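**Student:** If it helps, the file is called input_28.txt and holds compact mmCIF, C-alpha atoms:
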```txt
# COMPACT_ATOMS: atom_id res chain seq x y z
CA MET A 181 -38.25 -23.42 18.34
CA PHE A 182 -40.14 -20.65 20.06
CA SER A 183 -37.78 -18.00 21.39
CA PHE A 184 -38.53 -16.99 24.94
CA PHE A 185 -35.64 -14.56 24.69
CA LYS A 186 -37.81 -12.33 22.50
CA LYS A 187 -40.18 -11.78 25.41
CA LYS A 188 -39.54 -10.04 28.66
CA GLN A 189 -39.06 -12.65 31.36
CA ILE A 190 -42.02 -12.58 33.74
CA VAL A 191 -41.77 -14.70 36.86
CA ASP A 192 -44.54 -15.20 39.40
CA PRO A 193 -42.95 -16.63 42.57
CA ASN A 194 -46.31 -18.13 43.55
CA LEU A 195 -46.54 -20.28 40.41
CA ARG A 196 -45.10 -23.79 40.64
CA LEU A 197 -45.23 -26.98 38.66
CA PRO A 198 -48.23 -29.03 39.86
CA PHE A 199 -46.17 -32.09 40.83
CA SER A 200 -43.02 -32.68 42.85
CA THR A 201 -41.19 -35.53 41.08
CA ASP A 202 -39.51 -35.05 37.71
CA ILE A 203 -38.84 -38.41 36.03
CA HIS A 204 -36.92 -37.08 33.02
CA SER A 205 -33.92 -34.77 33.26
CA HIS A 206 -30.35 -34.45 32.05
CA VAL A 207 -28.80 -32.80 35.09
CA LEU A 208 -25.86 -35.15 35.63
CA PRO A 209 -22.62 -33.38 34.76
CA GLY A 210 -20.57 -34.10 31.66
CA ILE A 211 -21.88 -37.43 30.39
CA ASP A 212 -24.37 -36.51 27.65
CA ASP A 213 -25.81 -33.40 25.97
CA GLY A 214 -27.20 -32.12 29.27
CA ALA A 215 -25.32 -30.24 31.98
CA PRO A 216 -21.67 -29.97 30.89
CA ASP A 217 -20.27 -29.40 34.38
CA ILE A 218 -21.16 -29.49 38.06
CA GLU A 219 -21.84 -25.75 38.22
CA THR A 220 -24.51 -26.03 35.54
CA SER A 221 -25.97 -29.10 37.26
CA LEU A 222 -26.38 -27.15 40.49
CA GLN A 223 -27.95 -24.23 38.64
CA LEU A 224 -30.53 -26.58 37.11
CA LEU A 225 -31.21 -28.27 40.44
CA ARG A 226 -31.82 -24.91 42.13
CA GLY A 227 -34.18 -23.95 39.33
CA LEU A 228 -36.10 -27.21 39.61
CA TYR A 229 -36.38 -26.77 43.37
CA ASN A 230 -37.76 -23.25 42.94
CA LEU A 231 -40.35 -24.66 40.52
CA GLY A 232 -41.59 -27.03 43.21
CA ILE A 233 -39.63 -30.16 42.31
CA ARG A 234 -38.41 -32.10 45.33
CA GLU A 235 -37.19 -35.23 43.57
CA THR A 236 -35.57 -35.59 40.16
CA VAL A 237 -34.62 -38.72 38.27
CA ALA A 238 -31.61 -37.98 36.09
CA THR A 239 -31.98 -39.89 32.82
CA PRO A 240 -28.82 -39.43 30.72
CA HIS A 241 -28.93 -40.69 27.16
CA ILE A 242 -27.70 -44.12 26.21
CA ILE A 243 -27.33 -44.08 22.42
CA GLY A 244 -25.22 -46.62 20.58
CA ASP A 245 -23.46 -44.26 18.20
CA MET A 246 -23.21 -41.28 20.54
CA PHE A 247 -23.51 -41.80 24.30
CA ARG A 248 -22.57 -45.29 25.46
CA ASN A 249 -23.16 -44.57 29.09
CA THR A 250 -23.11 -47.45 31.55
CA PRO A 251 -24.33 -47.97 35.11
CA GLU A 252 -20.74 -47.15 36.14
CA THR A 253 -20.43 -43.80 34.31
CA ILE A 254 -23.92 -42.77 35.39
CA GLY A 255 -23.33 -43.87 38.96
CA ALA A 256 -20.09 -41.91 39.20
CA ALA A 257 -21.76 -38.73 37.90
CA LEU A 258 -24.68 -39.23 40.31
CA THR A 259 -22.36 -39.58 43.30
CA LYS A 260 -20.52 -36.41 42.30
CA LEU A 261 -23.73 -34.42 41.91
CA LYS A 262 -25.32 -35.66 45.14
CA GLN A 263 -22.24 -34.63 47.10
CA ALA A 264 -22.14 -31.20 45.44
CA ALA A 265 -25.88 -30.66 46.02
CA GLU A 266 -25.50 -31.53 49.69
CA GLU A 267 -22.60 -29.11 50.06
CA ALA A 268 -24.67 -26.43 48.30
CA ALA A 269 -27.62 -27.10 50.63
CA ILE A 270 -30.02 -27.89 47.76
CA ASP A 271 -32.71 -30.00 49.40
CA ILE A 272 -33.72 -32.13 46.44
CA LYS A 273 -33.59 -35.91 46.16
CA ILE A 274 -31.55 -37.07 43.18
CA SER A 275 -31.57 -40.54 41.67
CA ALA A 276 -30.51 -41.84 38.28
CA ALA A 277 -31.86 -44.05 35.53
CA ALA A 278 -31.28 -43.63 31.79
CA GLU A 279 -33.06 -42.66 28.59
CA TYR A 280 -32.47 -45.55 26.21
CA MET A 281 -32.54 -44.99 22.48
CA ILE A 282 -34.40 -47.88 20.87
CA ASP A 283 -31.56 -48.90 18.57
CA ASP A 284 -29.41 -51.96 17.82
CA TYR A 285 -27.13 -51.20 20.79
CA PHE A 286 -30.12 -51.24 23.13
CA PHE A 287 -31.43 -54.41 21.50
CA ASN A 288 -28.09 -56.10 22.19
CA LEU A 289 -28.16 -54.97 25.82
CA ILE A 290 -31.56 -56.62 26.22
CA LYS A 291 -30.55 -59.83 24.44
CA GLN A 292 -27.40 -60.06 26.56
CA LYS A 293 -29.49 -59.59 29.72
CA SER A 294 -27.37 -56.58 30.69
CA PRO A 295 -28.64 -54.75 33.77
CA LEU A 296 -30.73 -51.77 32.70
CA LEU A 297 -31.23 -48.59 34.69
CA THR A 298 -34.88 -48.05 35.52
CA VAL A 299 -36.86 -45.08 36.77
CA LYS A 300 -38.50 -47.33 39.35
CA ASP A 301 -38.72 -51.11 39.70
CA LYS A 302 -38.87 -52.36 36.08
CA ILE A 303 -40.16 -49.08 34.60
CA ILE A 304 -37.73 -47.93 31.91
CA LEU A 305 -37.52 -44.69 29.91
CA THR A 306 -37.02 -45.07 26.15
CA GLU A 307 -36.95 -42.82 23.12
CA GLN A 308 -36.89 -42.99 19.33
CA PRO A 309 -34.84 -40.96 16.83
CA TYR A 310 -36.32 -37.66 15.70
CA SER A 311 -35.55 -38.42 12.05
CA ALA A 312 -37.42 -41.71 11.59
CA PRO A 313 -39.11 -44.41 13.68
CA SER A 314 -36.85 -46.95 15.34
CA GLU A 315 -36.17 -50.01 13.22
CA HIS A 316 -37.51 -53.24 14.67
CA LEU A 317 -39.59 -51.32 17.21
CA VAL A 318 -42.04 -54.20 17.62
CA GLU A 319 -39.33 -56.85 18.06
CA ILE A 320 -37.34 -54.78 20.55
CA THR A 321 -40.48 -53.92 22.50
CA PHE A 322 -41.47 -57.58 22.65
CA GLU A 323 -38.04 -58.59 23.99
CA MET A 324 -38.09 -55.77 26.52
CA MET A 325 -41.53 -56.66 27.84
CA THR A 326 -40.74 -60.39 27.86
CA ASP A 327 -37.99 -59.54 30.33
CA GLY A 328 -40.58 -57.81 32.51
CA TYR A 329 -39.75 -54.21 31.68
CA LYS A 330 -42.53 -51.63 31.52
CA PRO A 331 -41.46 -49.05 28.92
CA ILE A 332 -42.21 -45.34 28.90
CA MET A 333 -41.93 -43.63 25.51
CA ALA A 334 -40.35 -40.23 26.03
CA HIS A 335 -41.81 -37.18 24.26
CA PRO A 336 -43.76 -38.92 21.45
CA GLU A 337 -45.18 -35.53 20.49
CA ARG A 338 -41.73 -34.53 19.20
CA TYR A 339 -41.57 -37.30 16.59
CA PHE A 340 -42.65 -35.44 13.46
CA TYR A 341 -43.43 -38.69 11.62
CA TYR A 342 -46.44 -39.10 13.92
CA HIS A 343 -47.82 -35.61 13.28
CA ASN A 344 -49.91 -36.68 10.31
CA ASP A 345 -51.17 -39.80 12.02
CA TYR A 346 -52.15 -39.26 15.64
CA GLU A 347 -53.43 -42.83 15.80
CA LYS A 348 -49.77 -43.82 16.17
CA PHE A 349 -49.91 -42.53 19.74
CA GLU A 350 -52.63 -45.05 20.49
CA TYR A 351 -50.59 -47.69 18.65
CA LEU A 352 -47.69 -47.08 21.04
CA LYS A 353 -50.09 -47.63 23.92
CA GLU A 354 -51.28 -50.86 22.31
CA LEU A 355 -47.67 -52.04 22.05
CA GLY A 356 -47.37 -51.60 25.80
CA TYR A 357 -45.84 -48.15 26.19
CA THR A 358 -46.92 -45.49 28.61
CA LEU A 359 -46.41 -41.99 27.19
CA GLN A 360 -44.42 -39.10 28.69
CA VAL A 361 -45.01 -35.58 27.39
CA ASN A 362 -42.40 -32.84 27.74
CA LEU A 363 -43.79 -29.86 29.64
CA LEU A 364 -42.26 -27.36 27.23
CA SER A 365 -43.96 -29.08 24.30
CA LEU A 366 -47.25 -27.69 25.60
CA THR A 367 -45.92 -24.13 25.54
CA GLY A 368 -44.81 -24.05 21.90
CA TYR A 369 -41.12 -24.13 22.79
CA TYR A 370 -40.44 -26.80 20.16
CA GLY A 371 -42.82 -25.34 17.59
CA LYS A 372 -46.52 -25.29 16.77
CA ALA A 373 -46.74 -28.82 15.36
CA VAL A 374 -45.20 -30.30 18.51
CA ALA A 375 -47.53 -28.22 20.71
CA LYS A 376 -50.54 -29.42 18.73
CA ALA A 377 -49.48 -33.06 19.09
CA ALA A 378 -48.77 -32.65 22.82
CA LYS A 379 -52.17 -31.11 23.42
CA HIS A 380 -53.83 -33.91 21.46
CA ILE A 381 -52.13 -36.47 23.71
CA MET A 382 -53.21 -34.59 26.81
CA ASP A 383 -56.75 -33.85 25.65
CA ASN A 384 -57.31 -37.52 24.80
CA ASP A 385 -55.92 -38.78 28.12
CA LEU A 386 -53.09 -40.67 26.44
CA ALA A 387 -50.33 -39.22 28.64
CA ASP A 388 -49.27 -41.15 31.70
CA PHE A 389 -46.24 -39.08 32.69
CA VAL A 390 -44.80 -35.62 32.12
CA GLY A 391 -41.24 -34.40 32.52
CA THR A 392 -39.04 -31.37 32.15
CA ASP A 393 -36.45 -33.10 29.93
CA MET A 394 -34.17 -30.45 31.44
CA HIS A 395 -30.88 -30.10 29.55
CA HIS A 396 -29.67 -26.53 30.04
CA ASP A 397 -30.46 -23.06 31.30
CA ARG A 398 -32.60 -22.26 28.24
CA HIS A 399 -35.03 -24.98 29.26
CA LEU A 400 -35.02 -23.66 32.80
CA PHE A 401 -35.54 -20.08 31.61
CA ALA A 402 -38.51 -21.14 29.46
CA LEU A 403 -40.10 -23.19 32.24
CA GLN A 404 -39.84 -20.29 34.68
CA HIS A 405 -41.79 -17.98 32.38
CA TYR A 406 -45.22 -16.97 33.67
CA ASP A 407 -46.96 -17.88 30.40
CA SER A 408 -45.31 -21.32 30.39
CA LEU A 409 -46.36 -22.11 33.93
CA LYS A 410 -49.93 -20.95 33.29
CA THR A 411 -50.19 -23.16 30.20
CA ILE A 412 -48.63 -26.16 31.96
CA ASN A 413 -50.88 -25.82 34.99
CA LYS A 414 -53.92 -25.53 32.74
CA TYR A 415 -53.17 -28.85 31.04
CA LEU A 416 -52.16 -30.66 34.19
CA GLU A 417 -54.94 -29.55 36.49
CA ARG A 418 -57.19 -32.33 37.80
CA ARG A 419 -54.67 -34.94 36.58
CA GLU A 420 -52.22 -36.93 38.65
CA PHE A 421 -48.96 -37.40 36.82
CA ASN A 422 -45.76 -39.26 37.70
CA VAL A 423 -47.61 -41.42 40.22
CA PHE A 424 -46.28 -44.94 39.82
CA PRO A 425 -48.55 -47.94 40.24
CA SER A 426 -47.93 -49.88 43.44
```
Please re-express this file's structure in structure tokens.
**Tutor:**
Amino acid sequence: MFSFFKKKQIVDPNLRLPFSTDIHSHVLPGIDDGAPDIETSLQLLRGLYNLGIRETVATPHIIGDMFRNTPETIGAALTKLKQAAEEAAIDIKISAAAEYMIDDYFFNLIKQKSPLLTVKDKIILTEQPYSAPSEHLVEITFEMMTDGYKPIMAHPERYFYYHNDYEKFEYLKELGYTLQVNLLSLTGYYGKAVAKAAKHIMDNDLADFVGTDMHHDRHLFALQHYDSLKTINKYLERREFNVFPS
């Protein structure tokens, strides 16, 4: 991971992210590996607002062997954060969905017709493990799409098992996924190989969405850096991201 702490922080108050809706963040307090408490959540919200974000979709993890969040746990955290943000006069719209790990737990949720939390309408954010591709990816995807869901694959550039075969990004598209690139991937924050993959996705017009994937103040610090914002704006110029089809 590239260390922004080795560089002097340079902030240009005139630089902003070139879109206003963030569809991927972990700002809800205390329910996954994102913000641990309400104070951190508010810090991240303020930072997003200063970067030009006016709406954020909180997408806490739902992972079978780690974070078994439910609409109830996510809804409770959302209510708590919305109230705190209003009291703190942070003028940012907050909603909640989830980031579903494509695992057996998720497969069971689909087969049981459990209500799933979507970014909008039937658009759902999914992810795979970093260690290896999801088992039964094709079968789970088929079931998901049969139920009318339109899946987004979060940060495919971070799956190292695709780094030697970029055609897998197109394969995901053929399966029915839209692709969401993490903004910090473009800056080298996660390493050179991830940056190379992210830029390939962008340069070949394979990305449909981008997101901050904001977890903590280190992500915020890195996004605020002048060099980061210049790189991000360079790759996003003349493209419309996070615009949902009507």
**Student:** Separation of CA of Asp345 in chain A and CA of Phe322 in chain A, in Å?
**Tutor:**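 That distance, rounded to one decimal, is 22.9 Å.
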**Student:** Kindly indicate which residue among A:Lys414, A:Lys293, A:Lys273, A:His316 lies nearest to Leu228 in chain A, using only C-alpha atoms for the distances.
**Tutor:**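 Comparing A:Lys414, A:Lys293, A:Lys273, A:His316 against Leu228 in chain A, the winner is A:Lys273.
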**Student:** For CA of Gly232 in chain A and CA of Ile254 in chain A, determine how far apart the two atoms are, in Å to one decimal place.
**Tutor:** 24.9 Å
**Student:** Measuring atom to atom with only C-alpha atoms, identify which of A:Tyr229, A:Tyr351, A:Tyr342, A:Phe199 is nearest to Gln404 in chain A.
**Tutor:**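 Counting only C-alpha atoms, the residue closest to Gln404 in chain A is A:Tyr229.
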**Student:** Identify which of the residues A:Gln263, A:Pro295, A:His204, A:Gly255 lies closest to Glu235 in chain A, counting only C-alpha atoms when measuring atom-to-atom distances.
**Tutor:**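 Nearest to Glu235 in chain A: A:His204.
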**Student:** Rounded to one decimal in Å, what is the spacing between CA of Lys379 in chain A and CA of Ile332 in chain A?
**Tutor:**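 The value is 18.2 Å.
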**Student:** Near range 296-304 of chain A, within 9 Å and counting all atoms listed in the file, which residues show up once chain neighbours fewer than 6 positions away are dropped, as a compact mmCIF listing (two decimals) with C-alpha atoms, keeping the file's coordinate frame?
**Tutor:**
```txt
# COMPACT_ATOMS: atom_id res chain seq x y z
CA ILE A 203 -38.84 -38.41 36.03
CA HIS A 204 -36.92 -37.08 33.02
CA VAL A 237 -34.62 -38.72 38.27
CA ALA A 238 -31.61 -37.98 36.09
CA THR A 239 -31.98 -39.89 32.82
CA THR A 250 -23.11 -47.45 31.55
CA PRO A 251 -24.33 -47.97 35.11
CA SER A 275 -31.57 -40.54 41.67
CA ALA A 276 -30.51 -41.84 38.28
CA ALA A 277 -31.86 -44.05 35.53
CA ALA A 278 -31.28 -43.63 31.79
CA GLU A 279 -33.06 -42.66 28.59
CA TYR A 280 -32.47 -45.55 26.21
CA LEU A 289 -28.16 -54.97 25.82
CA ILE A 290 -31.56 -56.62 26.22
CA GLY A 328 -40.58 -57.81 32.51
CA TYR A 329 -39.75 -54.21 31.68
CA LYS A 330 -42.53 -51.63 31.52
CA PRO A 331 -41.46 -49.05 28.92
CA ILE A 332 -42.21 -45.34 28.90
CA MET A 333 -41.93 -43.63 25.51
CA PHE A 424 -46.28 -44.94 39.82
```
**Student:** For Lys262 in chain A, which residue among A:Leu305, A:Asn230, A:Thr326, A:Ile218 is the nearest when counting all atoms listed in the file?
**Tutor:**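 Checking each of A:Leu305, A:Asn230, A:Thr326, A:Ile218 against Lys262 in chain A, counting all atoms listed in the file, the winner is A:Ile218.
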**Student:** So, with all atoms listed in the file as the atoms that count, which of A:Asn422, A:Asn249, A:Ser311, A:Thr321 lies closest to Arg338 in chain A?
**Tutor:**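 Nearest to Arg338 in chain A: A:Ser311.
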**Student:** With only C-alpha atoms as the atoms that count, which of A:Arg248, A:Lys372, A:Lys291, A:Arg234 lies nearest to Ile274 in chain A?
**Tutor:**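 Among the listed residues, A:Arg234 lies closest to Ile274 in chain A.
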**Student:** Tell me, as a compact mmCIF listing (two decimals) with C-alpha atoms, in the coordinates of the input, which residues lie within 10 Å of Ile381 in chain A, counting all atoms listed in the file; anything in the same chain fewer than 5 positions away does not count.
**Tutor:**
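Output contents, as saved in out.txt:
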```txt
# COMPACT_ATOMS: atom_id res chain seq x y z
CA PRO A 336 -43.76 -38.92 21.45
CA GLU A 337 -45.18 -35.53 20.49
CA TYR A 346 -52.15 -39.26 15.64
CA PHE A 349 -49.91 -42.53 19.74
CA GLU A 350 -52.63 -45.05 20.49
CA LEU A 359 -46.41 -41.99 27.19
CA GLN A 360 -44.42 -39.10 28.69
CA VAL A 361 -45.01 -35.58 27.39
CA ALA A 375 -47.53 -28.22 20.71
CA LYS A 376 -50.54 -29.42 18.73
CA LEU A 386 -53.09 -40.67 26.44
CA ALA A 387 -50.33 -39.22 28.64
CA ASP A 388 -49.27 -41.15 31.70
```
**Student:** Starting from the point (-49.3, -26.2, 30.5), work out which residues of protein, DNA or RNA have an atom no more than 12 Å away when counting only C-alpha atoms; state them as a count of residues only.
**Tutor:** 38
**Student:** Box in all listed atoms of range 270-281 of chain A, axis-aligned, with 3 Å more on each side; write out centre and edge lengths in Å to one decimal as AutoDock Vina command-line options.
**Tutor:**
```
--center_x -31.9 --center_y -36.7 --center_z 35.9 --size_x 9.7 --size_y 23.7 --size_z 32.9
```
**Student:** For His343 in chain A, find every residue with an atom within 8 Å (counting all atoms listed in the file), except residues of its own chain fewer than 4 positions away, and show them as a PyMOL selection string.
**Tutor:** chain A and resi 337+339+373-374+377
